[in-house]
$ cat start10.cif   # mmCIF, C-alpha atoms and all ligand atoms
data_query
loop_
_atom_site.label_atom_id
_atom_site.label_comp_id
_atom_site.auth_asym_id
_atom_site.auth_seq_id
_atom_site.Cartn_x
_atom_site.Cartn_y
_atom_site.Cartn_z
CA MET Y 1 -239.02 80.94 -25.39
CA ARG Y 2 -239.85 84.47 -24.29
CA VAL Y 3 -237.31 87.02 -23.05
CA THR Y 4 -238.26 90.48 -21.85
CA ALA Y 5 -236.20 93.60 -21.24
CA ASP Y 6 -236.56 97.25 -20.26
CA ILE Y 7 -235.90 98.11 -23.92
CA VAL Y 8 -236.00 95.86 -27.00
CA LEU Y 9 -234.59 97.25 -30.23
CA GLU Y 10 -236.63 95.84 -33.09
CA VAL Y 11 -234.37 96.08 -36.13
CA THR Y 12 -235.65 95.59 -39.68
CA GLN Y 13 -233.91 96.15 -43.02
CA THR Y 14 -234.42 99.88 -42.79
CA ALA Y 15 -235.45 100.89 -39.29
CA VAL Y 16 -234.70 100.62 -35.59
CA VAL Y 17 -237.74 100.78 -33.30
CA ALA Y 18 -237.25 100.85 -29.54
CA HIS Y 19 -239.96 99.12 -27.50
CA SER Y 20 -239.93 100.10 -23.82
CA ASP Y 21 -240.86 97.08 -21.69
CA GLY Y 22 -240.26 94.89 -24.75
CA VAL Y 23 -240.67 91.21 -25.58
CA VAL Y 24 -238.89 88.80 -27.93
CA ASP Y 25 -240.43 85.38 -28.61
CA PHE Y 26 -238.30 82.80 -30.40
CA GLU Y 27 -238.55 79.14 -31.24
CA GLY Y 28 -236.46 76.66 -33.23
CA GLY Y 29 -233.75 79.22 -34.01
CA LYS Y 30 -236.21 81.83 -35.34
CA VAL Y 31 -237.78 84.92 -33.86
CA THR Y 32 -241.56 84.63 -33.90
CA TRP Y 33 -242.59 87.97 -32.40
CA VAL Y 34 -241.07 91.26 -31.20
CA GLY Y 35 -242.98 94.12 -29.60
CA PRO Y 36 -244.17 95.83 -26.41
CA ALA Y 37 -245.26 93.61 -23.52
CA ALA Y 38 -248.73 95.16 -23.59
CA ASP Y 39 -249.34 93.65 -27.05
CA ALA Y 40 -247.71 90.26 -26.46
CA ASP Y 41 -249.62 86.98 -26.64
CA PRO Y 42 -250.30 85.96 -22.98
CA ALA Y 43 -249.71 82.32 -23.99
CA GLY Y 44 -245.95 83.01 -24.17
CA GLU Y 45 -245.72 83.90 -20.48
CA SER Y 46 -245.31 80.30 -19.33
CA GLU Y 47 -241.63 80.14 -20.38
CA SER Y 48 -240.73 83.80 -19.95
CA ARG Y 49 -237.46 85.20 -18.52
CA HIS Y 50 -237.27 88.83 -17.52
CA LEU Y 51 -233.71 90.00 -18.22
CA GLY Y 52 -234.02 93.78 -17.78
CA GLY Y 53 -231.49 95.92 -19.66
CA LEU Y 54 -231.66 96.07 -23.45
CA ILE Y 55 -232.06 93.35 -26.08
CA MET Y 56 -231.03 93.87 -29.68
CA PRO Y 57 -229.78 91.76 -32.59
CA GLY Y 58 -226.25 90.34 -32.41
CA LEU Y 59 -223.65 92.40 -34.27
CA VAL Y 60 -222.31 91.28 -37.66
CA ASN Y 61 -218.57 91.61 -38.20
CA ALA Y 62 -218.45 91.98 -41.99
CA HIS Y 63 -214.68 91.66 -42.47
CA ALA Y 64 -212.31 89.65 -40.31
CA HIS Y 65 -209.31 87.32 -40.29
CA THR Y 66 -209.97 86.11 -36.78
CA PRO Y 67 -207.28 83.40 -36.36
CA MET Y 68 -204.80 86.31 -36.47
CA THR Y 69 -205.49 86.64 -32.74
CA LEU Y 70 -202.27 84.61 -32.48
CA LEU Y 71 -200.46 87.54 -34.17
CA ARG Y 72 -202.10 90.27 -32.10
CA SER Y 73 -199.74 93.28 -31.72
CA VAL Y 74 -197.25 92.06 -34.34
CA GLY Y 75 -195.75 94.69 -36.68
CA ASP Y 76 -197.04 97.82 -34.95
CA GLY Y 77 -195.86 101.02 -36.67
CA LEU Y 78 -195.59 99.56 -40.19
CA ASP Y 79 -197.74 100.54 -43.18
CA LEU Y 80 -199.91 97.85 -44.80
CA HIS Y 81 -197.34 96.69 -47.36
CA ARG Y 82 -194.44 96.37 -44.91
CA TRP Y 83 -196.74 95.08 -42.17
CA LEU Y 84 -197.90 92.21 -44.44
CA THR Y 85 -194.62 91.33 -46.13
CA GLU Y 86 -192.18 91.83 -43.23
CA ALA Y 87 -194.22 91.08 -40.12
CA ILE Y 88 -197.37 89.07 -40.82
CA TRP Y 89 -196.84 86.75 -43.78
CA PRO Y 90 -193.55 85.25 -42.49
CA LEU Y 91 -195.40 84.16 -39.32
CA GLU Y 92 -198.56 83.05 -41.12
CA ARG Y 93 -196.45 80.75 -43.32
CA GLN Y 94 -195.59 78.79 -40.17
CA MET Y 95 -199.18 78.49 -38.92
CA THR Y 96 -200.61 74.96 -38.78
CA VAL Y 97 -204.20 73.87 -39.07
CA ASP Y 98 -204.31 73.49 -35.25
CA ASP Y 99 -202.95 77.03 -34.78
CA VAL Y 100 -205.81 78.32 -36.94
CA TYR Y 101 -208.34 76.33 -34.93
CA TRP Y 102 -207.13 77.71 -31.56
CA GLY Y 103 -206.69 81.22 -32.94
CA MET Y 104 -210.30 81.09 -34.15
CA MET Y 105 -211.47 79.62 -30.83
CA LEU Y 106 -209.90 82.58 -29.01
CA GLY Y 107 -211.27 85.19 -31.41
CA SER Y 108 -214.70 83.60 -31.68
CA SER Y 109 -214.90 83.55 -27.87
CA GLU Y 110 -213.88 87.21 -27.77
CA MET Y 111 -216.54 88.14 -30.32
CA LEU Y 112 -219.37 86.21 -28.63
CA LEU Y 113 -218.54 87.74 -25.24
CA SER Y 114 -218.76 91.21 -26.81
CA GLY Y 115 -222.03 90.51 -28.65
CA VAL Y 116 -220.72 89.82 -32.15
CA THR Y 117 -222.72 86.78 -33.24
CA THR Y 118 -221.69 86.57 -36.93
CA SER Y 119 -218.33 87.00 -38.61
CA HIS Y 120 -217.29 87.05 -42.25
CA GLU Y 121 -213.87 85.47 -42.40
CA MET Y 122 -211.19 85.43 -45.06
CA TYR Y 123 -208.46 82.99 -44.08
CA LEU Y 124 -206.77 79.69 -44.91
CA PHE Y 125 -207.43 76.26 -43.30
CA ASP Y 126 -211.14 76.96 -43.41
CA GLY Y 127 -212.05 73.50 -42.13
CA ALA Y 128 -210.46 74.58 -38.83
CA LEU Y 129 -212.45 77.83 -38.81
CA ILE Y 130 -215.66 75.88 -39.33
CA SER Y 131 -214.77 73.40 -36.54
CA ALA Y 132 -214.05 76.27 -34.16
CA ALA Y 133 -217.33 78.07 -34.96
CA ASN Y 134 -219.17 74.78 -34.50
CA ASP Y 135 -217.55 74.46 -31.07
CA THR Y 136 -218.14 78.03 -29.84
CA GLY Y 137 -221.65 78.27 -31.33
CA ALA Y 138 -220.97 81.37 -33.43
CA ARG Y 139 -222.43 82.10 -36.86
CA LEU Y 140 -219.75 82.03 -39.55
CA VAL Y 141 -219.48 82.95 -43.21
CA ALA Y 142 -216.16 81.41 -44.25
CA THR Y 143 -214.62 82.69 -47.47
CA PRO Y 144 -211.41 80.71 -48.00
CA GLY Y 145 -208.63 83.03 -49.09
CA VAL Y 146 -207.09 82.90 -52.54
CA VAL Y 147 -203.62 84.44 -52.83
CA GLN Y 148 -201.15 84.60 -55.72
CA ALA Y 149 -198.23 83.06 -53.81
CA LEU Y 150 -200.18 79.94 -52.81
CA HIS Y 151 -202.81 79.52 -55.52
CA GLY Y 152 -201.72 81.64 -58.48
CA SER Y 153 -200.67 78.69 -60.61
CA GLY Y 154 -203.67 76.56 -59.66
CA ILE Y 155 -206.76 78.74 -59.48
CA ASP Y 156 -208.96 75.97 -60.91
CA ARG Y 157 -207.81 73.59 -58.19
CA ARG Y 158 -208.53 76.22 -55.51
CA ILE Y 159 -211.98 76.87 -56.99
CA SER Y 160 -212.82 73.19 -56.79
CA GLU Y 161 -211.50 72.97 -53.18
CA ILE Y 162 -213.73 75.87 -52.13
CA SER Y 163 -216.68 74.46 -54.07
CA ASP Y 164 -216.21 71.14 -52.21
CA LEU Y 165 -216.14 73.00 -48.89
CA HIS Y 166 -219.33 74.82 -49.94
CA LYS Y 167 -221.01 71.52 -50.78
CA ALA Y 168 -219.98 69.96 -47.47
CA HIS Y 169 -220.70 72.83 -45.10
CA ASN Y 170 -222.89 75.56 -46.63
CA ASP Y 171 -226.10 75.49 -44.62
CA PRO Y 172 -228.18 78.66 -44.78
CA THR Y 173 -230.63 77.30 -42.18
CA GLY Y 174 -227.82 76.46 -39.75
CA ARG Y 175 -224.90 78.65 -38.68
CA ILE Y 176 -222.24 78.03 -41.33
CA SER Y 177 -222.03 79.28 -44.89
CA VAL Y 178 -219.20 79.34 -47.39
CA GLY Y 179 -218.13 81.83 -50.05
CA PHE Y 180 -215.00 82.81 -51.97
CA GLY Y 181 -212.16 85.07 -50.77
CA PRO Y 182 -209.90 86.36 -53.58
CA HIS Y 183 -207.41 88.47 -51.59
CA SER Y 184 -207.38 91.59 -53.78
CA PRO Y 185 -207.06 92.88 -57.33
CA TYR Y 186 -203.48 93.97 -56.55
CA ASP Y 187 -202.43 90.45 -55.52
CA LEU Y 188 -204.41 88.40 -58.07
CA GLU Y 189 -204.92 89.03 -61.81
CA PRO Y 190 -208.34 90.50 -62.70
CA SER Y 191 -209.05 87.38 -64.79
CA GLN Y 192 -208.43 85.19 -61.73
CA VAL Y 193 -210.82 87.27 -59.61
CA ALA Y 194 -213.36 86.94 -62.45
CA GLU Y 195 -213.08 83.12 -62.42
CA LEU Y 196 -213.76 83.09 -58.67
CA ALA Y 197 -216.62 85.54 -59.13
CA ASP Y 198 -218.22 83.27 -61.76
CA GLN Y 199 -218.20 80.31 -59.39
CA ALA Y 200 -219.45 82.44 -56.47
CA LYS Y 201 -222.32 83.57 -58.69
CA ALA Y 202 -223.10 80.02 -59.78
CA LEU Y 203 -223.33 78.93 -56.13
CA ASP Y 204 -225.11 82.13 -55.00
CA ALA Y 205 -222.21 82.68 -52.60
CA VAL Y 206 -220.37 85.76 -51.33
CA LEU Y 207 -217.28 87.16 -53.08
CA HIS Y 208 -215.13 88.68 -50.32
CA VAL Y 209 -212.28 90.86 -51.57
CA HIS Y 210 -210.00 93.64 -50.28
CA LEU Y 211 -210.44 96.82 -52.31
CA GLU Y 212 -208.75 100.23 -52.27
CA GLU Y 213 -207.27 99.95 -48.79
CA THR Y 214 -204.18 102.16 -49.31
CA GLU Y 215 -203.07 104.98 -51.57
CA SER Y 216 -199.98 103.09 -52.73
CA GLU Y 217 -202.08 100.07 -53.74
CA ARG Y 218 -204.38 102.38 -55.73
CA ASN Y 219 -201.45 104.05 -57.47
CA GLN Y 220 -199.80 100.70 -58.26
CA ILE Y 221 -202.94 99.45 -60.04
CA LEU Y 222 -203.46 102.75 -61.84
CA SER Y 223 -199.91 102.73 -63.18
CA GLN Y 224 -200.11 99.05 -64.24
CA HIS Y 225 -203.56 99.11 -65.84
CA ASN Y 226 -204.43 102.78 -66.32
CA LYS Y 227 -207.70 101.97 -64.51
CA THR Y 228 -208.82 101.80 -60.90
CA ALA Y 229 -209.15 98.43 -59.19
CA THR Y 230 -212.93 98.85 -59.08
CA GLN Y 231 -213.08 99.59 -62.81
CA LEU Y 232 -210.94 96.48 -63.46
CA LEU Y 233 -213.35 94.32 -61.44
CA ALA Y 234 -216.32 95.85 -63.27
CA ASP Y 235 -214.69 95.23 -66.68
CA VAL Y 236 -214.16 91.51 -66.01
CA GLY Y 237 -217.72 91.08 -64.67
CA ALA Y 238 -216.60 90.40 -61.09
CA LEU Y 239 -219.06 92.96 -59.68
CA GLU Y 240 -221.94 90.79 -60.89
CA ALA Y 241 -221.28 88.45 -57.94
CA ARG Y 242 -222.46 89.26 -54.39
CA VAL Y 243 -219.44 91.43 -53.62
CA VAL Y 244 -218.38 92.38 -50.11
CA ALA Y 245 -215.39 94.68 -50.58
CA ALA Y 246 -213.31 95.39 -47.50
CA HIS Y 247 -212.13 98.95 -46.78
CA GLY Y 248 -212.84 101.15 -49.85
CA VAL Y 249 -210.72 103.91 -48.30
CA TRP Y 250 -209.49 105.26 -51.67
CA LEU Y 251 -212.61 104.76 -53.81
CA ASP Y 252 -213.31 107.77 -56.06
CA GLU Y 253 -216.75 108.96 -57.09
CA ASN Y 254 -216.86 106.79 -60.21
CA ASP Y 255 -215.75 103.69 -58.26
CA MET Y 256 -218.57 104.33 -55.80
CA LYS Y 257 -221.06 104.64 -58.65
CA LEU Y 258 -219.89 101.31 -60.12
CA LEU Y 259 -220.22 99.55 -56.75
CA GLY Y 260 -223.58 101.17 -56.01
CA HIS Y 261 -224.90 100.21 -59.44
CA ALA Y 262 -223.78 96.62 -58.80
CA ASN Y 263 -225.58 96.56 -55.37
CA ALA Y 264 -222.21 95.76 -53.81
CA SER Y 265 -221.38 96.09 -50.13
CA VAL Y 266 -218.37 97.74 -48.53
CA ALA Y 267 -217.13 96.49 -45.16
CA HIS Y 268 -215.84 99.63 -43.48
CA CYS Y 269 -212.98 98.91 -41.03
CA PRO Y 270 -212.15 102.29 -39.51
CA GLN Y 271 -210.01 101.15 -36.61
CA SER Y 272 -207.77 99.03 -38.86
CA ASN Y 273 -207.53 101.87 -41.39
CA LEU Y 274 -206.45 104.24 -38.63
CA LYS Y 275 -204.01 101.84 -36.96
CA LEU Y 276 -202.20 101.11 -40.23
CA GLY Y 277 -202.34 104.77 -41.28
CA SER Y 278 -204.33 103.92 -44.43
CA GLY Y 279 -206.77 106.85 -44.35
CA PHE Y 280 -210.45 107.72 -43.88
CA ALA Y 281 -213.19 106.01 -45.88
CA ASP Y 282 -216.05 108.23 -47.04
CA ILE Y 283 -218.98 106.07 -45.97
CA ALA Y 284 -221.50 108.90 -46.34
CA GLY Y 285 -220.46 109.15 -50.01
CA MET Y 286 -220.71 105.38 -50.38
CA ALA Y 287 -224.21 105.25 -48.90
CA ALA Y 288 -225.31 108.13 -51.15
CA ALA Y 289 -224.02 106.16 -54.18
CA GLY Y 290 -226.21 103.19 -53.21
CA ILE Y 291 -223.50 101.01 -51.66
CA ASN Y 292 -224.61 98.84 -48.74
CA VAL Y 293 -222.19 99.93 -46.00
CA CYS Y 294 -221.49 97.44 -43.23
CA ILE Y 295 -218.66 97.40 -40.70
CA GLY Y 296 -215.83 95.07 -39.72
CA THR Y 297 -212.89 94.83 -37.39
CA ASP Y 298 -210.45 93.42 -39.95
CA GLY Y 299 -207.92 90.99 -38.44
CA PRO Y 300 -207.11 91.42 -34.75
CA ALA Y 301 -203.44 92.12 -35.59
CA SER Y 302 -204.45 95.43 -37.20
CA ASN Y 303 -206.99 96.60 -34.65
CA ASP Y 304 -206.08 94.98 -32.05
CA ASN Y 305 -209.40 93.63 -30.77
CA LEU Y 306 -212.58 92.10 -32.17
CA ASP Y 307 -214.95 94.35 -30.24
CA LEU Y 308 -217.11 95.74 -33.06
CA TRP Y 309 -218.56 98.36 -30.71
CA ASP Y 310 -215.37 100.36 -31.33
CA GLU Y 311 -216.17 100.44 -35.06
CA LEU Y 312 -219.81 101.23 -34.32
CA THR Y 313 -218.61 104.39 -32.54
CA LEU Y 314 -215.92 105.26 -35.09
CA ALA Y 315 -218.07 104.84 -38.22
CA PRO Y 316 -220.42 107.79 -37.60
CA THR Y 317 -217.87 109.96 -35.78
CA LEU Y 318 -215.24 109.70 -38.52
CA ALA Y 319 -217.83 110.20 -41.27
CA ARG Y 320 -219.08 113.37 -39.55
CA GLY Y 321 -215.54 114.70 -39.13
CA LEU Y 322 -214.57 113.88 -42.70
CA ARG Y 323 -217.69 115.57 -44.10
CA ARG Y 324 -217.68 118.31 -41.45
CA ASN Y 325 -221.35 117.49 -41.06
CA PRO Y 326 -222.81 116.17 -37.77
CA ALA Y 327 -225.68 114.61 -39.70
CA ALA Y 328 -223.48 112.73 -42.22
CA VAL Y 329 -224.25 109.36 -40.59
CA GLY Y 330 -227.03 109.13 -38.01
CA THR Y 331 -227.20 106.83 -35.01
CA THR Y 332 -229.90 104.63 -36.57
CA GLU Y 333 -227.82 104.29 -39.74
CA ALA Y 334 -224.84 103.31 -37.61
CA VAL Y 335 -226.82 100.58 -35.80
CA LEU Y 336 -228.04 99.27 -39.17
CA MET Y 337 -224.42 99.17 -40.46
CA ALA Y 338 -223.41 96.98 -37.50
CA THR Y 339 -226.39 94.64 -37.82
CA THR Y 340 -228.80 94.34 -40.72
CA ASN Y 341 -226.51 95.74 -43.44
CA GLY Y 342 -223.99 93.03 -42.53
CA GLY Y 343 -226.61 90.29 -42.90
CA ALA Y 344 -227.77 91.76 -46.21
CA ALA Y 345 -224.15 91.90 -47.47
CA LEU Y 346 -223.78 88.20 -46.73
CA GLY Y 347 -227.01 87.35 -48.56
CA GLN Y 348 -228.77 86.54 -45.27
CA PRO Y 349 -231.50 89.13 -44.73
CA ASP Y 350 -232.77 87.21 -41.66
CA VAL Y 351 -229.38 87.76 -39.95
CA GLY Y 352 -228.66 91.08 -38.21
CA THR Y 353 -232.36 91.94 -38.02
CA LEU Y 354 -234.52 91.36 -34.94
CA THR Y 355 -238.13 91.08 -36.00
CA ALA Y 356 -240.60 88.26 -36.72
CA GLY Y 357 -238.85 85.83 -39.10
CA SER Y 358 -235.30 86.77 -38.09
CA ARG Y 359 -232.73 84.22 -36.98
CA ALA Y 360 -232.69 84.17 -33.18
CA ASP Y 361 -229.29 85.85 -32.83
CA LEU Y 362 -229.80 88.28 -29.97
CA ILE Y 363 -227.79 89.96 -27.28
CA ARG Y 364 -228.65 91.53 -23.95
CA LEU Y 365 -226.76 94.52 -22.56
CA SER Y 366 -226.83 95.78 -19.02
CA LEU Y 367 -227.80 99.45 -18.86
CA ASP Y 368 -226.67 99.80 -15.23
CA HIS Y 369 -223.43 101.65 -15.98
CA PRO Y 370 -223.67 105.44 -15.41
CA LYS Y 371 -222.69 106.06 -19.04
CA PHE Y 372 -226.16 104.86 -20.08
CA TRP Y 373 -227.87 107.42 -17.85
CA PRO Y 374 -229.99 109.48 -17.87
CA GLY Y 375 -231.43 107.48 -20.81
CA VAL Y 376 -234.58 109.57 -20.69
CA ASP Y 377 -236.16 108.07 -23.81
CA ALA Y 378 -235.56 105.35 -26.37
CA ASP Y 379 -233.84 107.66 -28.89
CA SER Y 380 -231.35 108.84 -26.32
CA VAL Y 381 -230.59 105.23 -25.39
CA ILE Y 382 -229.75 104.46 -29.06
CA SER Y 383 -227.37 107.40 -29.01
CA HIS Y 384 -225.80 106.22 -25.71
CA LEU Y 385 -225.30 102.79 -27.32
CA VAL Y 386 -223.65 104.09 -30.50
CA PHE Y 387 -221.33 106.54 -28.80
CA GLY Y 388 -220.77 104.82 -25.46
CA ALA Y 389 -221.36 101.06 -25.40
CA SER Y 390 -218.64 98.43 -25.52
CA GLY Y 391 -218.44 94.67 -25.52
CA TYR Y 392 -218.11 94.75 -21.71
CA ASP Y 393 -221.77 95.78 -21.47
CA VAL Y 394 -222.97 92.56 -23.11
CA THR Y 395 -224.10 89.95 -20.58
CA ASP Y 396 -226.10 87.35 -22.56
CA VAL Y 397 -225.95 86.09 -26.13
CA TRP Y 398 -228.03 83.67 -28.20
CA VAL Y 399 -227.11 82.36 -31.65
CA ASN Y 400 -229.73 80.51 -33.68
CA GLY Y 401 -231.83 80.33 -30.51
CA LYS Y 402 -229.11 78.73 -28.37
CA GLN Y 403 -227.67 80.64 -25.43
CA VAL Y 404 -223.87 80.79 -25.80
CA VAL Y 405 -223.11 83.53 -23.24
CA SER Y 406 -224.89 83.68 -19.87
CA GLY Y 407 -224.02 86.22 -17.17
CA SER Y 408 -220.94 87.33 -19.20
CA GLN Y 409 -219.60 83.73 -19.30
CA LEU Y 410 -219.34 81.46 -22.33
CA THR Y 411 -221.51 78.37 -21.97
CA THR Y 412 -219.88 76.45 -24.83
CA VAL Y 413 -216.14 76.79 -24.32
CA ASP Y 414 -213.47 76.21 -21.67
CA LEU Y 415 -211.96 79.67 -22.00
CA ASP Y 416 -208.93 78.89 -19.77
CA GLN Y 417 -207.95 76.05 -22.10
CA VAL Y 418 -208.45 78.28 -25.17
CA LYS Y 419 -206.26 81.03 -23.68
CA SER Y 420 -203.52 78.60 -22.72
CA GLU Y 421 -203.44 76.98 -26.20
CA ALA Y 422 -203.42 80.40 -27.86
CA ARG Y 423 -200.54 81.70 -25.76
CA SER Y 424 -198.27 78.69 -26.25
CA ARG Y 425 -198.93 78.70 -30.01
CA ALA Y 426 -198.34 82.45 -30.32
CA GLN Y 427 -195.09 82.07 -28.38
CA ARG Y 428 -193.92 79.25 -30.70
CA LEU Y 429 -194.73 81.30 -33.82
CA ARG Y 430 -192.72 84.29 -32.56
CA LEU Y 431 -189.58 82.28 -31.61
ZN ZN V 501 -208.54 92.39 -44.30
#
$ encode --input "start10.cif" --output "structure tokens"
Amino acid sequence: MRVTADIVLEVTQTAVVAHSDGVVDFEGGKVTWVGPAADADPAGESESRHLGGLIMPGLVNAHAHTPMTLLRSVGDGLDLHRWLTEAIWPLERQMTVDDVYWGMMLGSSEMLLSGVTTSHEMYLFDGALISAANDTGARLVATPGVVQALHGSGIDRRISEISDLHKAHNDPTGRISVGFGPHSPYDLEPSQVAELADQAKALDAVLHVHLEETESERNQILSQHNKTATQLLADVGALEARVVAAHGVWLDENDMKLLGHANASVAHCPQSNLKLGSGFADIAGMAAAGINVCIGTDGPASNDNLDLWDELTLAPTLARGLRRNPAAVGTTEAVLMATTNGGAALGQPDVGTLTAGSRADLIRLSLDHPKFWPGVDADSVISHLVFGASGYDVTDVWVNGKQVVSGSQLTTVDLDQVKSEARSRAQRLRL
């Protein structure tokens, strides 16, 4: 299959190259060639579609709890602790496996329509998440959550449940993979996080954990242990796993060094951090310390959408404001954070890139809107994308070579049914 566009962004591990009048060839779920039309193999022209606009890799949402679409808007105005304990957890306790399925169907549909092709999910009822991603056609890294209240007295049992799920569903050549999701070092004991990290390491799976989201959480751990949460994780060996730490708002310089030394990733969730009043993460400092910075929406109840383009705009703008330096995070770095850094964090270097050998996860944006003009050269178009694009600009999406959005419509899902199920379930939960 060959698709062509006015601009194709070839994205590798470290660079973004814009090809004017560009071509992407893909076959069997993999990209076989990316480059300018003038250099393309004429043999590919027989099954070519000219799409116009811009083609780039699908975005990678590196931290989400997507079934929380059913709780969208709940608890506005509360800080993280009160938001969780008073507003969110009482409703989540009533959620059934079918609620999680329909909540994920809604959120997965929302993400695909806005060009997010992969999400890294920490939630419960992960079989339902996997079924929903199978039905929408999205790429999913499911990291079943582990929380003290539900699993504290049976960590071994939870580890074997997740290991069974990994055995049944982890398929690096398909669309689904499975890791481990210890909620946080403030909820679980460090030794429990370490046990989960050991098993994640043994299975070469991701360890997905919240870290340093709020000041009060940081102070609570410091007063209990006389160490930071990051130091605690380092001391028990948990940083030896493939760590994706969500937030990192309150990391200090030493914490960043520890994470950088461990080749860990931080999923930066600026909109959630701002909505819950948690603070401003220093992603320029993290990148300088060697941390792989990727970006996430967090759950849709603390955002309140799953349109990662918002985060793609916020990440560089906040970093520049925080550092009072307009060069603190560049536009290319921002695009890499939303794409290839996410794939690398998840241990899938062929996800988030768009070059020969990448998974065929690609999106096409219309550049017709006046906000993309004048678009005088490729560099200016990258800047227009970072500071001006939104999910509404995405018209076509492929995941693993299969088209799942065509002309801004999902090809895989009856969206009216999904919306209706989601509304009636959300209404029941809030009774
Ligand atoms: Zn979260």
$ residues_near_ligand --input "start10.cif" --ligand "ligand ZN 501 (chain V)" --cutoff "10 Å" --atoms "all atoms listed in the file" --output "count of residues only"
27
$ atom_distance --input "start10.cif" --atom1 "CA of Val178 (chain Y)" --atom2 "CA of Ala205 (chain Y)"
6.9 Å
$ residues_around --input "start10.cif" --residues "Leu367 (chain Y)" --least-positions-apart "6" --cutoff "8 Å" --atoms "only C-alpha atoms" --output "MDAnalysis selection string"
chainID Y and resid 53:54 393
$ closest_residue --input "start10.cif" --among "Y:Ser153, Y:Ser73, Y:Ser358, Y:Thr313" --to "Val11 (chain Y)" --atoms "all atoms listed in the file"
Y:Ser358
$ axis_aligned_box --input "start10.cif" --around "region 290-302 of chain Y" --padding-each-side "5 Å" --output "lines of an AutoDock Vina configuration file"
center_x = -214.8
center_y = 97.1
center_z = -44.0
size_x = 32.8
size_y = 22.2
size_z = 28.5
$ closest_residue --input "start10.cif" --among "Y:Asn254, Y:Ser383, Y:Thr355, Y:Thr340" --to "Pro316 (chain Y)" --atoms "all atoms listed in the file"
Y:Ser383
$ residues_around --input "start10.cif" --residues "Ser109 (chain Y)" --least-positions-apart "6" --cutoff "8 Å" --atoms "all atoms listed in the file" --output "list of chain:residue names"
Y:Thr136, Y:Leu410, Y:Val413, Y:Leu415
$ residues_around --input "start10.cif" --residues "Glu86 (chain Y)" --least-positions-apart "6" --cutoff "10 Å" --atoms "all atoms listed in the file" --output "compact mmCIF listing (two decimals) with C-alpha atoms, keeping the file's coordinate frame"
# COMPACT_ATOMS: atom_id res chain seq x y z
CA GLY Y 75 -195.75 94.69 -36.68
CA LEU Y 78 -195.59 99.56 -40.19
CA LEU Y 80 -199.91 97.85 -44.80
$ closest_residue --input "start10.cif" --among "Y:Gly342, Y:Ala281, Y:Ala356, Y:Trp398" --to "Gly321 (chain Y)" --atoms "all atoms listed in the file"
Y:Ala281
$ residues_around --input "start10.cif" --residues "Thr4 (chain Y)" --least-positions-apart "6" --cutoff "7 Å" --atoms "all atoms listed in the file" --output "PyMOL selection string"
chain Y and resi 22-24+49-52
$ atom_distance --input "start10.cif" --atom1 "CA of Val147 (chain Y)" --atom2 "CA of Asp126 (chain Y)"
14.2 Å
$ residues_around --input "start10.cif" --residues "Arg359 (chain Y)" --least-positions-apart "6" --cutoff "8 Å" --atoms "only C-alpha atoms" --output "list in words"
Gly29, Lys30, Val31, Asp350, Val351, Thr353, Val399, Asn400 and Gly401 of chain Y
$ residues_near_point --input "start10.cif" --point "(-221.3, 107.0, -46.2)" --cutoff "9 Å" --atoms "all atoms listed in the file" --output "mmCIF file with C-alpha atoms, in the frame of the given file"
data_model
loop_
_atom_site.group_PDB
_atom_site.id
_atom_site.type_symbol
_atom_site.label_atom_id
_atom_site.label_comp_id
_atom_site.auth_asym_id
_atom_site.auth_seq_id
_atom_site.Cartn_x
_atom_site.Cartn_y
_atom_site.Cartn_z
ATOM 1 C CA ALA Y 281 -213.190 106.010 -45.880
ATOM 2 C CA ASP Y 282 -216.050 108.230 -47.040
ATOM 3 C CA ILE Y 283 -218.980 106.070 -45.970
ATOM 4 C CA ALA Y 284 -221.500 108.900 -46.340
ATOM 5 C CA GLY Y 285 -220.460 109.150 -50.010
ATOM 6 C CA MET Y 286 -220.710 105.380 -50.380
ATOM 7 C CA ALA Y 287 -224.210 105.250 -48.900
ATOM 8 C CA ALA Y 288 -225.310 108.130 -51.150
ATOM 9 C CA ALA Y 289 -224.020 106.160 -54.180
ATOM 10 C CA ILE Y 291 -223.500 101.010 -51.660
ATOM 11 C CA VAL Y 293 -222.190 99.930 -46.000
ATOM 12 C CA ALA Y 315 -218.070 104.840 -38.220
ATOM 13 C CA PRO Y 316 -220.420 107.790 -37.600
ATOM 14 C CA ALA Y 319 -217.830 110.200 -41.270
ATOM 15 C CA ALA Y 328 -223.480 112.730 -42.220
ATOM 16 C CA VAL Y 329 -224.250 109.360 -40.590
#
$ residues_near_point --input "start10.cif" --point "(-217.8, 88.1, -56.0)" --cutoff "10 Å" --atoms "all atoms listed in the file" --output "count of residues only"
30
$ closest_residue --input "start10.cif" --among "Y:Ile176, Y:Asp171, Y:Ser108, Y:Asn61" --to "His268 (chain Y)" --atoms "all atoms listed in the file"
Y:Asn61
$ closest_residue --input "start10.cif" --among "Y:Ala138, Y:Ala327, Y:Val100, Y:Leu431" --to "Val405 (chain Y)" --atoms "only C-alpha atoms"
Y:Ala138
$ decode --input "start10.cif" --residues "region 206-216 of chain Y" --atoms "C-alpha atoms" --output "mmCIF file, in the first residue's frame"
data_model
loop_
_atom_site.group_PDB
_atom_site.id
_atom_site.type_symbol
_atom_site.label_atom_id
_atom_site.label_comp_id
_atom_site.auth_asym_id
_atom_site.auth_seq_id
_atom_site.Cartn_x
_atom_site.Cartn_y
_atom_site.Cartn_z
ATOM 1 C CA VAL Y 206 6.716 -2.285 31.532
ATOM 2 C CA LEU Y 207 6.436 -1.123 35.158
ATOM 3 C CA HIS Y 208 3.900 1.730 35.137
ATOM 4 C CA VAL Y 209 3.771 3.742 38.359
ATOM 5 C CA HIS Y 210 2.625 7.183 39.564
ATOM 6 C CA LEU Y 211 5.526 9.171 40.981
ATOM 7 C CA GLU Y 212 5.830 12.572 42.655
ATOM 8 C CA GLU Y 213 2.517 13.963 41.434
ATOM 9 C CA THR Y 214 1.778 16.331 44.349
ATOM 10 C CA GLU Y 215 3.686 18.193 47.030
ATOM 11 C CA SER Y 216 1.663 16.618 49.841
#
